[in-house]
file work_19.cif (mmCIF, C-alpha atoms)
data_run
loop_
_atom_site.label_atom_id
_atom_site.label_comp_id
_atom_site.auth_asym_id
_atom_site.auth_seq_id
_atom_site.Cartn_x
_atom_site.Cartn_y
_atom_site.Cartn_z
CA SER A 15 -42.43 -65.48 -7.64
CA SER A 16 -39.06 -64.32 -9.02
CA ALA A 17 -39.89 -60.68 -8.20
CA ALA A 18 -40.60 -61.58 -4.57
CA GLU A 19 -37.40 -63.60 -4.35
CA GLY A 20 -35.48 -60.66 -5.80
CA LEU A 21 -36.89 -58.31 -3.18
CA GLN A 22 -36.07 -60.78 -0.41
CA GLY A 23 -32.53 -61.12 -1.70
CA ARG A 24 -32.08 -57.35 -1.80
CA ALA A 25 -33.43 -57.07 1.76
CA ARG A 26 -30.91 -59.69 2.96
CA VAL A 27 -28.04 -57.83 1.29
CA GLU A 28 -29.09 -54.51 2.82
CA LYS A 29 -29.45 -56.09 6.26
CA LYS A 30 -25.97 -57.61 5.95
CA GLU A 31 -24.52 -54.24 4.92
CA GLU A 32 -26.11 -52.58 7.96
CA GLU A 33 -24.75 -55.32 10.24
CA ASN A 34 -21.25 -54.84 8.79
CA GLU A 35 -21.50 -51.10 9.35
CA MET A 36 -22.40 -51.63 13.00
CA VAL A 37 -19.45 -54.01 13.41
CA ARG A 38 -17.12 -51.33 12.07
CA LEU A 39 -18.60 -48.70 14.36
CA ARG A 40 -18.38 -50.91 17.42
CA ALA A 41 -14.65 -51.24 16.93
CA GLY A 42 -14.33 -47.87 18.69
CA PRO A 43 -15.28 -46.82 22.24
CA ARG A 44 -18.44 -48.55 23.43
CA ARG A 45 -20.26 -46.65 26.15
CA PRO A 46 -20.04 -43.10 27.43
CA GLY A 47 -18.27 -43.11 30.75
CA ARG A 48 -15.97 -46.08 30.12
CA GLY A 49 -13.04 -44.06 28.80
CA SER A 50 -10.92 -42.93 31.72
CA GLY A 51 -8.19 -40.37 32.00
CA GLY A 52 -7.32 -41.39 35.54
CA ILE A 53 -5.82 -38.66 37.72
CA TYR A 54 -5.79 -36.16 34.85
CA ALA A 55 -9.53 -36.61 34.32
CA ALA A 56 -10.12 -36.15 38.05
CA MET A 57 -8.10 -32.92 37.99
CA LEU A 58 -10.14 -31.66 35.05
CA ALA A 59 -13.37 -32.53 36.88
CA VAL A 60 -12.27 -30.54 39.94
CA ARG A 61 -11.29 -27.64 37.71
CA LEU A 62 -14.71 -27.76 36.04
CA VAL A 63 -16.49 -27.55 39.40
CA GLU A 64 -14.27 -24.64 40.44
CA GLN A 65 -14.97 -22.91 37.12
CA ILE A 66 -18.73 -23.16 37.71
CA ALA A 67 -18.48 -22.01 41.33
CA ALA A 68 -16.47 -18.93 40.33
CA LEU A 69 -19.04 -17.68 37.81
CA GLU A 70 -20.70 -14.38 38.69
CA TYR A 71 -23.46 -15.04 36.15
CA LYS A 72 -24.49 -18.68 36.09
CA PRO A 73 -26.12 -19.27 32.67
CA PRO A 74 -29.10 -21.55 33.38
CA LEU A 75 -29.39 -23.30 30.01
CA THR A 76 -25.64 -23.81 29.67
CA LEU A 77 -25.36 -25.37 33.13
CA ALA A 78 -28.49 -27.49 32.56
CA LEU A 79 -26.99 -28.91 29.35
CA VAL A 80 -23.68 -29.56 31.11
CA GLY A 81 -25.66 -31.58 33.68
CA VAL A 82 -27.48 -33.51 30.95
CA MET A 83 -24.27 -34.41 29.11
CA VAL A 84 -22.50 -35.45 32.31
CA ALA A 85 -25.50 -37.60 33.29
CA LEU A 86 -25.55 -39.26 29.86
CA HIS A 87 -21.81 -39.88 30.04
CA LEU A 88 -22.05 -41.51 33.49
CA GLY A 89 -24.94 -43.72 32.42
CA VAL A 90 -27.43 -42.14 34.83
CA VAL A 91 -30.22 -42.18 32.24
CA GLY A 92 -29.95 -45.94 31.75
CA ARG A 93 -30.14 -46.53 35.51
CA VAL A 94 -33.13 -44.25 36.03
CA PHE A 95 -34.95 -45.37 32.86
CA PRO A 96 -34.03 -49.03 32.22
CA GLY A 97 -36.14 -49.09 29.04
CA ALA A 98 -34.31 -46.16 27.43
CA PRO A 99 -32.52 -46.77 24.09
CA PRO A 100 -28.85 -47.82 24.42
CA LEU A 101 -26.37 -44.95 24.50
CA ASP A 102 -23.17 -46.74 23.51
CA VAL A 103 -21.21 -44.53 21.14
CA SER A 104 -21.65 -46.89 18.19
CA SER A 105 -25.44 -46.47 18.44
CA VAL A 106 -25.49 -42.68 18.53
CA CYS A 107 -22.42 -41.33 16.72
CA LEU A 108 -23.07 -39.61 13.40
CA ASN A 109 -21.32 -40.84 10.28
CA PRO A 110 -22.29 -38.50 7.40
CA ALA A 111 -21.07 -41.03 4.83
CA THR A 112 -23.40 -43.67 6.27
CA VAL A 113 -26.32 -41.23 6.18
CA VAL A 114 -25.63 -40.38 2.53
CA ALA A 115 -25.25 -44.07 1.60
CA TRP A 116 -28.50 -44.89 3.42
CA VAL A 117 -30.48 -42.29 1.48
CA ALA A 118 -28.84 -43.18 -1.85
CA ARG A 119 -29.39 -46.92 -1.39
CA ARG A 120 -32.97 -46.74 -0.18
CA GLY A 121 -34.14 -43.79 -2.24
CA MET A 122 -35.93 -42.47 0.81
CA TRP A 123 -35.47 -40.17 3.78
CA LEU A 124 -33.80 -41.29 6.97
CA SER A 125 -35.03 -43.94 9.36
CA GLY A 126 -35.75 -43.23 12.99
CA ALA A 127 -32.40 -44.76 13.95
CA GLN A 128 -30.48 -42.37 11.69
CA LEU A 129 -32.45 -39.35 12.93
CA TRP A 130 -31.70 -40.47 16.50
CA ARG A 131 -28.02 -40.01 15.70
CA PHE A 132 -28.62 -36.35 14.74
CA VAL A 133 -30.21 -35.82 18.16
CA MET A 134 -27.83 -37.77 20.39
CA SER A 135 -24.41 -37.61 18.73
CA PRO A 136 -23.70 -34.02 19.90
CA LEU A 137 -24.65 -34.94 23.49
CA THR A 138 -22.47 -38.08 23.66
CA HIS A 139 -18.73 -38.05 24.32
CA LEU A 140 -16.06 -40.63 23.63
CA ASP A 141 -14.32 -40.57 27.01
CA ASP A 142 -13.84 -38.56 30.21
CA ILE A 143 -11.21 -36.21 28.79
CA HIS A 144 -13.33 -35.45 25.72
CA LEU A 145 -16.32 -34.62 27.93
CA LEU A 146 -14.44 -32.48 30.47
CA TYR A 147 -12.58 -30.41 27.88
CA ASN A 148 -15.78 -29.74 25.98
CA MET A 149 -17.76 -28.83 29.11
CA SER A 150 -15.08 -26.41 30.30
CA SER A 151 -15.06 -24.71 26.89
CA PHE A 152 -18.88 -24.73 26.79
CA ILE A 153 -19.15 -22.94 30.14
CA TYR A 154 -16.73 -20.22 28.99
CA LYS A 155 -18.56 -19.67 25.71
CA GLY A 156 -22.02 -20.21 27.21
CA VAL A 157 -21.56 -17.41 29.75
CA ALA A 158 -20.68 -14.98 26.95
CA VAL A 159 -23.34 -15.96 24.42
CA GLU A 160 -26.24 -16.74 26.78
CA SER A 161 -25.79 -13.41 28.58
CA LEU A 162 -25.57 -11.66 25.21
CA LEU A 163 -28.69 -13.17 23.65
CA GLY A 164 -30.82 -14.17 26.62
CA THR A 165 -31.78 -17.76 27.39
CA PRO A 166 -34.73 -18.21 24.94
CA GLN A 167 -32.83 -17.02 21.84
CA TYR A 168 -29.71 -18.83 23.04
CA GLY A 169 -31.74 -22.06 23.22
CA LEU A 170 -32.88 -21.65 19.62
CA LEU A 171 -29.29 -20.96 18.62
CA LEU A 172 -28.03 -24.16 20.28
CA LEU A 173 -30.81 -26.14 18.61
CA TRP A 174 -29.68 -24.88 15.20
CA LEU A 175 -25.98 -25.42 15.89
CA SER A 176 -26.64 -28.97 17.09
CA PHE A 177 -28.84 -30.09 14.18
CA GLY A 178 -27.40 -27.70 11.59
CA SER A 179 -23.83 -28.85 12.05
CA GLY A 180 -24.90 -32.46 11.41
CA LEU A 181 -26.87 -31.43 8.33
CA ILE A 182 -23.94 -29.39 6.98
CA ALA A 183 -21.62 -32.37 7.57
CA VAL A 184 -23.89 -34.51 5.38
CA LEU A 185 -24.01 -31.85 2.64
CA LEU A 186 -20.21 -31.45 2.75
CA THR A 187 -19.89 -35.22 2.40
CA VAL A 188 -22.05 -35.17 -0.72
CA ALA A 189 -20.05 -32.27 -2.20
CA GLY A 190 -16.66 -33.63 -1.14
CA SER A 191 -17.34 -37.09 -2.58
CA LEU A 192 -17.38 -35.48 -6.03
CA VAL A 193 -13.63 -34.79 -5.78
CA LEU A 194 -12.41 -37.20 -3.06
CA PRO A 195 -12.95 -40.93 -2.48
CA PHE A 196 -16.22 -41.49 -0.63
CA GLN A 197 -14.40 -43.53 2.06
CA THR A 198 -12.54 -40.33 3.04
CA PHE A 199 -15.73 -39.25 4.82
CA ASN A 200 -16.53 -42.62 6.37
CA ARG A 201 -15.90 -41.62 9.97
CA CYS A 202 -18.25 -41.66 12.94
CA ALA A 203 -18.19 -38.60 15.20
CA ALA A 204 -19.74 -37.63 18.51
CA GLY A 205 -19.47 -34.77 20.98
CA TRP A 206 -20.33 -31.12 21.54
CA SER A 207 -17.29 -29.80 19.65
CA GLY A 208 -19.23 -28.78 16.53
CA VAL A 209 -21.56 -26.65 18.64
CA LEU A 210 -18.55 -25.12 20.40
CA PHE A 211 -17.00 -24.09 17.08
CA GLY A 212 -20.29 -22.47 16.11
CA LEU A 213 -20.49 -20.61 19.42
CA ASN A 214 -16.90 -19.50 19.05
CA MET A 215 -17.61 -18.07 15.61
CA ILE A 216 -20.60 -16.13 16.97
CA MET A 217 -18.79 -14.94 20.08
CA MET A 218 -15.66 -13.80 18.27
CA THR A 219 -17.59 -11.83 15.63
CA SER A 220 -19.92 -10.12 18.12
CA THR A 221 -19.50 -6.42 18.85
CA ALA A 222 -18.00 -7.26 22.25
CA TYR A 223 -15.07 -9.19 20.73
CA ALA A 224 -14.74 -8.24 17.07
CA GLU A 225 -12.03 -5.58 17.45
CA ARG A 226 -9.88 -7.48 19.93
CA GLN A 227 -6.72 -9.50 19.46
CA HIS A 228 -6.52 -12.94 21.10
CA ARG A 229 -3.43 -14.96 21.80
CA VAL A 230 -3.71 -18.56 20.67
CA PHE A 231 -0.66 -20.69 21.53
CA GLY A 232 1.31 -17.46 21.92
CA ILE A 233 0.27 -16.10 18.51
CA SER A 234 -1.74 -12.87 18.33
CA VAL A 235 -4.81 -13.45 16.15
CA PRO A 236 -7.67 -11.04 15.29
CA SER A 237 -10.82 -12.23 17.05
CA ARG A 238 -12.81 -12.87 13.90
CA TRP A 239 -10.12 -15.30 12.68
CA VAL A 240 -9.71 -17.19 15.97
CA PRO A 241 -12.25 -19.96 15.11
CA VAL A 242 -10.53 -20.70 11.78
CA PHE A 243 -7.08 -20.60 13.39
CA GLU A 244 -8.20 -23.01 16.13
CA LEU A 245 -9.74 -25.34 13.54
CA VAL A 246 -6.41 -25.62 11.74
CA LEU A 247 -4.39 -26.04 14.96
CA ILE A 248 -6.64 -28.77 16.35
CA SER A 249 -6.53 -30.62 13.03
CA VAL A 250 -2.72 -30.53 13.07
CA PHE A 251 -2.13 -31.42 16.73
CA VAL A 252 -5.14 -33.73 17.24
CA PRO A 253 -5.43 -35.53 13.89
CA ARG A 254 -7.97 -38.02 15.28
CA ALA A 255 -10.43 -35.18 15.95
CA SER A 256 -13.27 -34.86 13.46
CA PHE A 257 -12.23 -32.07 11.09
CA LEU A 258 -15.52 -32.43 9.22
CA GLY A 259 -17.55 -32.11 12.44
CA HIS A 260 -15.59 -29.05 13.59
CA LEU A 261 -15.79 -27.39 10.19
CA SER A 262 -19.52 -28.06 10.00
CA GLY A 263 -20.08 -26.42 13.38
CA LEU A 264 -17.99 -23.42 12.35
CA LEU A 265 -20.04 -23.04 9.15
CA ALA A 266 -23.31 -23.37 11.08
CA GLY A 267 -22.15 -20.49 13.28
CA ALA A 268 -21.02 -18.48 10.25
CA LEU A 269 -24.51 -18.82 8.73
CA VAL A 270 -25.99 -17.35 11.92
CA VAL A 271 -23.54 -14.44 11.78
CA LEU A 272 -24.44 -13.87 8.11
CA TRP A 273 -28.17 -14.00 8.89
CA TRP A 274 -27.78 -11.48 11.69
CA ALA A 275 -25.69 -9.20 9.46
CA VAL A 276 -28.51 -9.13 6.92
CA ALA A 277 -31.14 -8.74 9.64
CA ARG A 278 -29.39 -5.68 11.10
CA SER A 279 -30.69 -3.65 8.18
CA SER A 280 -34.10 -3.80 9.89
CA GLU A 281 -34.23 -2.07 13.27
CA SER A 282 -36.96 -4.38 14.58
CA TRP A 283 -35.03 -7.53 13.61
CA ARG A 284 -31.83 -6.13 15.10
CA ALA A 285 -33.54 -5.49 18.42
CA SER A 286 -34.96 -9.00 18.58
CA LEU A 287 -31.96 -10.98 17.28
CA TRP A 288 -28.85 -9.23 18.50
CA ARG A 289 -28.16 -7.32 21.66
CA PRO A 290 -24.75 -5.56 21.59
#

call {"tool": "encode", "arguments": {"input": "work_19.cif", "output": "structure tokens"}}
result
Amino acid sequence: SSAAEGLQGRARVEKKEEENEMVRLRAGPRRPGRGSGGIYAAMLAVRLVEQIAALEYKPPLTLALVGVMVALHLGVVGRVFPGAPPLDVSSVCLNPATVVAWVARRGMWLSGAQLWRFVMSPLTHLDDIHLLYNMSSFIYKGVAVESLLGTPQYGLLLLWLSFGSGLIAVLLTVAGSLVLPFQTFNRCAAGWSGVLFGLNMIMMTSTAYAERQHRVFGISVPSRWVPVFELVLISVFVPRASFLGHLSGLLAGALVVLWWAVARSSESWRASLWRP
């Protein structure tokens, strides 16, 4: 019938659009572990091992996640579990514009493949340098925040920062497309940087840091403004970095800080959620 033919035609168009999207995504880095920084990456790897060895308090969850992300980057999972889904960057990076277009076009919630991106994109890195920089920063921030909150609450926090930053990126894409061309947001991102910005916001506004001054590139900055200052600097000096992903992580952390500020009005909530 004509109705059936119309549905088949629409399905072919949607399939072609999805294939074109994957072609565009695959134009970037393919698999974690392939990008190489040569001697510089090796130096960073040695520095990372030294950083871990020098820790007085070795945060268990932070170090476990570092191990997971390094294993994913080196392709260990694929060797141990040959039937595991592919982890090339094009299959797991999160493009908020694609997610919004998917929902708008299909009039339905996300497919399993799109939800998989929310899970895996924060754990996947574009190249060796990207991974090593993020892991070094994660260890520094993880020691502070995991010791402050305790491992169970810290785990819940990381879960929110990981999923929440992706969700906020999608919502910002919807809001931003009202004033900017939709293609402005058509960029695929991966890596732990969004979580790091969220952790930085929480760490710098905690009672242990809030009254301090920090020097960032030689400039003295009040602790509570360090995350915003770093967001601007990274966007200026590393324009290829995902500003939307970093901003989303910062906002996810700011929501936690706001929630805790409200919760402090109750002594029982304060005792369970924040340990000065």

call {"tool": "resolve_selection", "arguments": {"input": "work_19.cif", "expression": "the PyMOL selection byres ((chain A and resi 186-196) around 10)", "output": "compact mmCIF listing (two decimals) with C-alpha atoms, keeping the file's coordinate frame"}}
result
# COMPACT_ATOMS: atom_id res chain seq x y z
CA ASN A 109 -21.32 -40.84 10.28
CA PRO A 110 -22.29 -38.50 7.40
CA ALA A 111 -21.07 -41.03 4.83
CA THR A 112 -23.40 -43.67 6.27
CA VAL A 113 -26.32 -41.23 6.18
CA VAL A 114 -25.63 -40.38 2.53
CA ALA A 115 -25.25 -44.07 1.60
CA GLY A 180 -24.90 -32.46 11.41
CA LEU A 181 -26.87 -31.43 8.33
CA ILE A 182 -23.94 -29.39 6.98
CA ALA A 183 -21.62 -32.37 7.57
CA VAL A 184 -23.89 -34.51 5.38
CA LEU A 185 -24.01 -31.85 2.64
CA GLN A 197 -14.40 -43.53 2.06
CA THR A 198 -12.54 -40.33 3.04
CA PHE A 199 -15.73 -39.25 4.82
CA ASN A 200 -16.53 -42.62 6.37
CA LEU A 258 -15.52 -32.43 9.22
CA LEU A 261 -15.79 -27.39 10.19
CA SER A 262 -19.52 -28.06 10.00

call {"tool": "resolve_selection", "arguments": {"input": "work_19.cif", "expression": "the PyMOL selection byres ((chain A and resi 256) around 12)", "output": "VMD selection string"}}
result
chain A and resid 107 to 110 183 198 to 208 211 245 to 246 248 to 250 252 to 255 257 to 263

call {"tool": "closest_residue", "arguments": {"input": "work_19.cif", "among": "A:Val103, A:Leu269, A:Val91, A:Ala85", "to": "Asp141 (chain A)", "atoms": "all atoms listed in the file"}}
result
A:Val103

call {"tool": "resolve_selection", "arguments": {"input": "work_19.cif", "expression": "the PyMOL selection byres ((chain A and resi 170-172) around 9)", "output": "ChimeraX atom specification"}}
result
/A:165-169,173-177,209,212-213,267,270

call {"tool": "atom_distance", "arguments": {"input": "work_19.cif", "atom1": "CA of Val157 (chain A)", "atom2": "CA of Thr76 (chain A)"}}
result
7.6 Å

call {"tool": "closest_residue", "arguments": {"input": "work_19.cif", "among": "A:Ile53, A:Leu145, A:Leu69, A:Leu58", "to": "Val84 (chain A)", "atoms": "all atoms listed in the file"}}
result
A:Leu145

call {"tool": "residues_around", "arguments": {"input": "work_19.cif", "residues": "Trp239 (chain A)", "least_positions_apart": "3", "cutoff": "9 Å", "atoms": "all atoms listed in the file", "output": "MDAnalysis selection string"}}
result
chainID A and resid 215 218:219 235:236 242:244

call {"tool": "atom_distance", "arguments": {"input": "work_19.cif", "atom1": "CA of Glu64 (chain A)", "atom2": "CA of Glu160 (chain A)"}}
result
19.8 Å

call {"tool": "closest_residue", "arguments": {"input": "work_19.cif", "among": "A:Leu77, A:Leu264, A:Leu163, A:Leu272", "to": "Leu210 (chain A)", "atoms": "all atoms listed in the file"}}
result
A:Leu264

call {"tool": "atom_distance", "arguments": {"input": "work_19.cif", "atom1": "CA of His228 (chain A)", "atom2": "CA of His144 (chain A)"}}
result
24.0 Å

call {"tool": "closest_residue", "arguments": {"input": "work_19.cif", "among": "A:Tyr71, A:Asp142, A:Gln128, A:Leu88", "to": "Met57 (chain A)", "atoms": "all atoms listed in the file"}}
result
A:Asp142

call {"tool": "residues_around", "arguments": {"input": "work_19.cif", "residues": "Val106 (chain A)", "least_positions_apart": "5", "cutoff": "6 Å", "atoms": "only C-alpha atoms", "output": "MDAnalysis selection string"}}
result
chainID A and resid 131 134:135

call {"tool": "closest_residue", "arguments": {"input": "work_19.cif", "among": "A:Ile216, A:Leu146, A:Ala158, A:Ala268", "to": "Val60 (chain A)", "atoms": "all atoms listed in the file"}}
result
A:Leu146
